[in-house]
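*Asks:* Sharing a structure with you now.
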Number of protein chains: 2
Amino acid sequence: MEVTARAPGKIILSGEHAVVHGTTAVAASINLYTSITLRFPSPSETNDTLKLHLKDIGLEFSWPIGRIKEALSELDGIDCSTPTTCSGKFAESISALVEEQNIPEAKIALASGVSAFLWLYTCIQGFKPATVTVTSELPLGSGLGSSAAICVALSATFLAFSKSMSLDKGHQGWLDFGENELELLNKWAFEGEKIIHGKPSGIDNTVSTYGNMIKFKSGSLTRIKSAVPLRMLITNTKVGRNTKALVAGVSERTLRHPDAMTSVFDAVDSISKELSTIIQTPAPDEISVTEKEEKVGELMEMNQGLLQCMGVSHASIETVLRTTLKFKLTSKLTGAGGGGCVLTLLPTLLSGTVVDKVIAELETCGFQCLIAGIGGKGVQVSFSGSS
Amino acid sequence: MEVTARAPGKIILSGEHAVVHGTTAVAASINLYTSITLRFPSPSETNDTLKLHLKDIGLEFSWPIGRIKEALSELDGIDCSTPTTCSGKFAESISALVEEQNIPEAKIALASGVSAFLWLYTCIQGFKPATVTVTSELPLGSGLGSSAAICVALSATFLAFSKSMSLDKGHQGWLDFGENELELLNKWAFEGEKIIHGKPSGIDNTVSTYGNMIKFKSGSLTRIKSAVPLRMLITNTKVGRNTKALVAGVSERTLRHPDAMTSVFDAVDSISKELSTIIQTPAPDEISVTEKEEKVGELMEMNQGLLQCMGVSHASIETVLRTTLKFKLTSKLTGAGGGGCVLTLLPTLLSGTVVDKVIAELETCGFQCLIAGIGGKGVQVSFSGSS
């Protein structure tokens, strides 16, 4: 018997950076997924290890169950309906287990993700041998919520077989979780995110869990339902960013120019509010969809200008803007800026030929292009095989 | 005896577009000039025409004095100390005089400037034969105040020999005007600008007349003195703009998104105020000059982001931004946007090699580059020859 969960990535539609200074931001799921498959050995197999297979990068880690039991014996019998934070001696034990795997130096950024995996697995499933396989359509570390999608998909697969959930294992195809189940797996995913990011906002895992869109302000999250099917070109500039430095840069600029920056944040707040209103209002026909897309595009352009005003743009982002502007398409950076990903709104009536041309030109610059529907479903599971 | 006046062009340092919506803007003179020479024929010459020679473009216009007298006889004996508006039948007569010159179709944009010349000359000097030669370092119609510089320099040369001014004609080199004289010639220049632009703001001619910097808000102008010697690279994208359409675009966006745009204008207002404070505070040493330049650069970058938020940028402007950003230099559009000119701050400590590289790269894109000192002297005259 095996279970696969897929969890979506996310984009920030509006309000990144300004949200740190108290404004509203809007995040949305994208139909690009991280998929995780959990397989328990059949009774005839004599496998007694926990295996983690990162398929996309061809890495495999494995631990003898006895070794995990020894390191994390205190987790024996823990209640998986109560998400637990990995801290203190647990964090040390997990680190030791990860270090034993000799992760190649070039891939050392994976270590915290492997830790999150070990923590979530042991807390939820205990000391059972299993093979966990990870594949992802989301580029790592580019602001599309890849780590949250991993944590959500891990929690979903591990909880799918737990006593905390009663899912129809005979269901064919993708199965949605119930509200209570989503709440629980979101909490576990957040514990995983804490291992990876230290102090995550909780936005990425919440979007990945529930899908659709989320409006957030000063730490409080409101789920909103999109009534407009938006499609975006996501251009990954592949330029690495230092998110902490970018956030600090905006704060320093705010200290130097408090009046101007306060007004800038106010403008962002208005944009996020307007955007969430537009998105939630149904568009009955094609004309109103186009009108809405025009408004969304205009608000994206405005938000991008304000992000440039905050100083978080980058030459690579400007290149994407300039390229898409030639085709009369509007773009904005998404996430931390300073490189990372750029969104370009693809209106419903835009011809495929134009899309192909834009992508070809962006790829010539060395960028990676992905097309994504915005605001789709959150995490889902699918069972296969017989137990 | 001849007199030459030179009048500087201008840039908008901050606040373009937003100023239409009630915020503060800052304009400054640049040390690029329009020069106009007025020569009266010596008694031995039998010349009885008024000649206008546009040296840069190789065009010459001339009118028999008798023809001007016939067309504008009512101006006979007009008091040049009272600037007069060219309207009604005067405007018609001037148009007729200009039409008789058969200006080539490709240069028809010059017609209103030629009208302004005829009006200012006849009002101030009456019906005297003379040759007026115009040369300019300012590209025409690119937002650097070329028309205002022409009107100011025309007024200055024509008034220099009038009874309204008592200048030291024996002075060697450039001579400044007195306060009252500046006020008078600025008013006449404004009358010229009205012929060219219909409803000019009066900012361009005021900057060209007085030099230095001007803070303006809701129609009221305040002259400010720069204590920081700023140097800018001015890149003329040569992309023609429709200023009216750009201004209308910002107004329409403001109607669609009133809350966000009000905050954007507030941010611009704060930036203009801060900029004018920084510029007026003396910088005692090189370190404080560098600090000020950093602040000015940051405010320019912020203003540019806000202009992009207003939707008045253009692919050509983005190209300049991206190119200068590669060299860690900050830029902003100046004036109407949608093409036109872009300012790039050149810090005092920047090496000439870098400047050369930036210029070379911008010129490869087909742009014209000018280097200008900011906030220098206004209009000046120089006499030569003997009467």
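Residue numbering restarts at 1 for every chain of the structure tokens, chains are lettered A, B, ... in their displayed order, and ligands are numbered from 1 as they appear.
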Please find the residues of chain B near chain A - the criterion being any atom within 8 Å, counting only C-alpha atoms - and write them as a list in words.

*Replies:*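 Going by the stated atoms only, the list reads Asp259, Ala260, Met261, Thr262, Ser263, Val264, Asp266, Ala267, Val268, Asp269, Ser270, Ile271, Glu301, Met302, Asn303, Gln304, Gly305, Leu306, Leu307, Gln308, Cys309, Met310, Gly311, Ala315, Glu318, Thr319, Arg322, Leu325 and Lys326 of chain B.
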
*Asks:* From a backbone DSSP assignment, name each residue in segment 168-341 of chain B labelled helix (DSSP H, G or I), as JSON, numbers by chain.

*Replies:* {"B": [179, 180, 181, 182, 183, 184, 185, 186, 187, 188, 189, 190, 191, 192, 193, 194, 195, 196, 197, 203, 204, 205, 206, 207, 208, 209, 210, 243, 244, 245, 246, 247, 248, 249, 250, 251, 252, 253, 254, 255, 256, 258, 259, 260, 261, 262, 263, 264, 265, 266, 267, 268, 269, 270, 271, 272, 273, 274, 275, 276, 277, 278, 279, 280, 286, 287, 288, 289, 290, 291, 292, 293, 294, 295, 296, 297, 298, 299, 300, 301, 302, 303, 304, 305, 306, 307, 308, 309, 310, 315, 316, 317, 318, 319, 320, 321, 322, 323, 324, 325, 326]}

*Asks:* When distances are computed from only C-alpha atoms, which of A:Ser73, A:Ser95, A:Ser155, A:Thr209 shows the smallest separation from Tyr121 of chain A?

*Replies:*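 So, comparing all the options, the nearest one is A:Ser155.
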
*Asks:* As a list in words, list the residues of segment 205-271 of chain A assigned to strand (DSSP E or B) by DSSP on the backbone atoms of this structure.

*Replies:* Gly211, Met213, Ile214, Lys215, Phe216, Lys217, Ser220, Leu221, Thr222, Arg223, Ile224, Leu230, Arg231, Met232, Leu233, Ile234, Thr235 and Asn236 of chain A

*Asks:* As a list in words, please: the residues near Val296 of chain B (cut-off 9 Å, only C-alpha atoms, same-chain neighbours under 6 positions excluded).

*Replies:* Leu275, Ile278, Ile279 and Leu345 of chain B

*Asks:* Mind dumping the selected residues with N, CA, C and O atoms as a JSON list (two decimals), in the first residue's frame?

*Replies:*
```
[["chain", "number", "residue", "atom", "x", "y", "z"],
["B", 275, "LEU", "N", 14.23, 65.92, -0.37],
["B", 275, "LEU", "CA", 15.25, 66.26, -1.35],
["B", 275, "LEU", "C", 15.63, 67.73, -1.25],
["B", 275, "LEU", "O", 16.82, 68.08, -1.25],
["B", 278, "ILE", "N", 17.74, 68.31, 1.86],
["B", 278, "ILE", "CA", 19.11, 67.78, 1.70],
["B", 278, "ILE", "C", 19.94, 68.73, 0.85],
["B", 278, "ILE", "O", 21.09, 69.05, 1.18],
["B", 279, "ILE", "N", 19.37, 69.19, -0.23],
["B", 279, "ILE", "CA", 20.09, 70.01, -1.20],
["B", 279, "ILE", "C", 20.46, 71.37, -0.64],
["B", 279, "ILE", "O", 21.49, 71.94, -0.98],
["B", 345, "LEU", "N", 22.45, 59.81, -11.50],
["B", 345, "LEU", "CA", 23.34, 60.55, -10.60],
["B", 345, "LEU", "C", 24.78, 60.07, -10.78],
["B", 345, "LEU", "O", 25.03, 58.87, -10.75]]
```

*Asks:* Could you pull the residues within 10 Å of segment 134-143 of chain A, counting only C-alpha atoms, minus those fewer than 4 positions along the same chain, as a PDB file with C-alpha atoms, in the first residue's frame?

*Replies:*
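New file result.pdb:
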```
ATOM      1  CA  THR A   4       1.007   9.974  -2.603  1.00  0.00           C
ATOM      2  CA  ALA A   5       0.283  13.533  -1.550  1.00  0.00           C
ATOM      3  CA  ARG A   6       0.768  16.548  -3.742  1.00  0.00           C
ATOM      4  CA  ALA A   7       0.969  20.026  -2.283  1.00  0.00           C
ATOM      5  CA  PRO A   8       1.042  23.219  -4.365  1.00  0.00           C
ATOM      6  CA  GLY A   9       3.571  26.032  -4.360  1.00  0.00           C
ATOM      7  CA  LYS A  10       2.582  29.611  -3.801  1.00  0.00           C
ATOM      8  CA  ILE A  11       3.148  33.102  -5.134  1.00  0.00           C
ATOM      9  CA  ILE A  12       2.739  36.452  -3.418  1.00  0.00           C
ATOM     10  CA  ILE A  30      -0.178  27.711  -8.041  1.00  0.00           C
ATOM     11  CA  ASN A  31      -0.866  24.460  -9.857  1.00  0.00           C
ATOM     12  CA  LEU A  32       2.757  23.352  -9.627  1.00  0.00           C
ATOM     13  CA  TYR A  33       3.254  20.648  -7.050  1.00  0.00           C
ATOM     14  CA  THR A  34       5.618  18.806  -4.819  1.00  0.00           C
ATOM     15  CA  SER A  35       4.614  15.159  -4.704  1.00  0.00           C
ATOM     16  CA  ILE A  36       5.603  12.731  -1.999  1.00  0.00           C
ATOM     17  CA  THR A  37       5.000   9.006  -2.003  1.00  0.00           C
ATOM     18  CA  LEU A  38       5.146   6.915   1.144  1.00  0.00           C
ATOM     19  CA  LEU A  52      14.323   9.145   1.694  1.00  0.00           C
ATOM     20  CA  HIS A  53      14.678   9.356  -2.053  1.00  0.00           C
ATOM     21  CA  LEU A  54      15.016  12.821  -3.625  1.00  0.00           C
ATOM     22  CA  LYS A  55      14.241  11.730  -7.132  1.00  0.00           C
ATOM     23  CA  ASP A  56      14.813  15.026  -8.997  1.00  0.00           C
ATOM     24  CA  ILE A  57      18.394  15.360  -7.812  1.00  0.00           C
ATOM     25  CA  ALA A 109      21.074  23.410   1.888  1.00  0.00           C
ATOM     26  CA  LEU A 110      19.002  20.211   1.850  1.00  0.00           C
ATOM     27  CA  SER A 147       9.921  23.999   1.299  1.00  0.00           C
ATOM     28  CA  ALA A 149       5.003  22.333  -0.186  1.00  0.00           C
ATOM     29  CA  ILE A 150       7.435  19.624   0.922  1.00  0.00           C
ATOM     30  CA  ALA A 153       3.065  16.934   1.394  1.00  0.00           C
ATOM     31  CA  LEU A 154       5.179  15.090   4.014  1.00  0.00           C
ATOM     32  CA  ASP A 204       3.460  29.364   2.657  1.00  0.00           C
ATOM     33  CA  ASN A 236      12.688  32.134 -12.340  1.00  0.00           C
ATOM     34  CA  THR A 237      15.678  34.467 -12.785  1.00  0.00           C
ATOM     35  CA  LYS A 238      17.782  31.880 -10.916  1.00  0.00           C
ATOM     36  CA  VAL A 239      19.498  34.789  -9.176  1.00  0.00           C
ATOM     37  CA  GLY A 240      19.947  33.780  -5.558  1.00  0.00           C
ATOM     38  CA  ARG A 241      18.724  36.215  -2.958  1.00  0.00           C
ATOM     39  CA  THR A 243      15.955  37.458   1.926  1.00  0.00           C
ATOM     40  CA  THR A 334       7.027  37.881  -6.252  1.00  0.00           C
ATOM     41  CA  GLY A 335       8.469  37.196  -2.834  1.00  0.00           C
ATOM     42  CA  ALA A 336      11.676  38.678  -1.572  1.00  0.00           C
ATOM     43  CA  GLY A 337      12.906  40.256  -4.805  1.00  0.00           C
ATOM     44  CA  GLY A 339      16.353  38.122  -8.138  1.00  0.00           C
ATOM     45  CA  GLY A 340      14.062  35.137  -7.513  1.00  0.00           C
ATOM     46  CA  CYS A 341      10.818  34.880  -9.460  1.00  0.00           C
ATOM     47  CA  VAL A 342       8.797  37.343 -11.504  1.00  0.00           C
ATOM     48  CA  GLN A 368      13.452  29.353 -16.422  1.00  0.00           C
ATOM     49  CA  LEU A 370       6.806  28.081 -15.852  1.00  0.00           C
TER      50      LEU A 370
END
```

*Asks:* When you look at Ser115 of chain A with a cut-off of 8 Å (counting only C-alpha atoms), what residues show up, excluding the ones that are within fewer than 5 positions of it in the same chain? I need them as a VMD selection string.

*Replies:* chain A and resid 94 to 95 98 195 to 196

*Asks:* What does the file look like for those residues with N, CA and C atoms, as a CSV table (one decimal), in the first residue's frame?

*Replies:*
```csv
chain,number,residue,atom,x,y,z
A,94,ILE,N,18.3,15.0,15.9
A,94,ILE,CA,17.9,15.0,14.5
A,94,ILE,C,19.2,15.5,13.7
A,95,SER,N,19.9,16.5,14.1
A,95,SER,CA,21.1,17.0,13.4
A,95,SER,C,22.1,15.9,13.3
A,98,VAL,N,21.1,13.5,10.6
A,98,VAL,CA,21.3,14.1,9.3
A,98,VAL,C,22.8,14.1,8.9
A,195,ILE,N,11.7,24.1,11.3
A,195,ILE,CA,13.0,23.5,11.3
A,195,ILE,C,13.8,24.0,10.1
A,196,ILE,N,13.1,24.3,9.0
A,196,ILE,CA,13.8,24.8,7.8
A,196,ILE,C,14.1,26.3,7.9
```

*Asks:* If I take atom CA of Phe61 of chain A and atom CA of Leu175 of chain A, how far is one from the other in Å, to one decimal?

*Replies:*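 Rounded to one decimal, the two atoms are 29.0 Å apart.
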
*Asks:* Just the number, please: distance in Å from atom CA of Asp48 of chain B to atom CA of Trp63 of chain B, one decimal.

*Replies:*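 Separating atom CA of Asp48 of chain B from atom CA of Trp63 of chain B is a distance of 8.8 Å.
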
*Asks:* So, counting only C-alpha atoms, which residue among B:His171, B:Ala111, B:Cys80, B:Pro64 is closest to Ser384 of chain B?

*Replies:* B:His171

*Asks:* Can you tell me, as an MDAnalysis selection string, what residues are no more than 10 Å from Ile124 of chain B when counting only C-alpha atoms, ignoring any on the same chain fewer than 4 positions away?

*Replies:* chainID B and resid 75 77:84 118:120 155 157:164 188

*Asks:* Just give me the gap between atom CA of Ala227 of chain B and atom CA of Tyr210 of chain B in Å, one decimal is fine.

*Replies:*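 Computing it gives 15.6 Å between the two atoms.
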
*Asks:* Which is closer to Ser220 of chain B than all the others in B:Val19, B:Glu363, B:His197, B:Glu2, using only C-alpha atoms?

*Replies:* B:Val19

*Asks:* Rank B:Gly211, B:Gly58, B:Gly66, B:Gly88 by their smallest atom-to-atom distance to Val379 of chain B, using only C-alpha atoms, and report the top residue only.

*Replies:*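 Smallest separation from Val379 of chain B among the options: B:Gly211.
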
*Asks:* Need the shell around Ser276 of chain B: protein/DNA/RNA residues with any atom at most 8 Å away, counting only C-alpha atoms. Skip same-chain ones fewer than 6 positions apart. Format as a list in words?

*Replies:*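 Near Ser276 of chain B, the qualifying residues are Val26, Lys215 and Ile224 of chain B.
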
*Asks:* Let's have the selection written as an mmCIF file, in the first residue's frame, with C-alpha atoms.

*Replies:*
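Dumped to result-v4.cif:
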```cif
data_model
loop_
_atom_site.group_PDB
_atom_site.id
_atom_site.type_symbol
_atom_site.label_atom_id
_atom_site.label_comp_id
_atom_site.auth_asym_id
_atom_site.auth_seq_id
_atom_site.Cartn_x
_atom_site.Cartn_y
_atom_site.Cartn_z
ATOM 1 C CA VAL B 26 11.715 70.155 -7.429
ATOM 2 C CA LYS B 215 10.366 73.953 -5.366
ATOM 3 C CA ILE B 224 15.905 77.364 -3.348
#
```
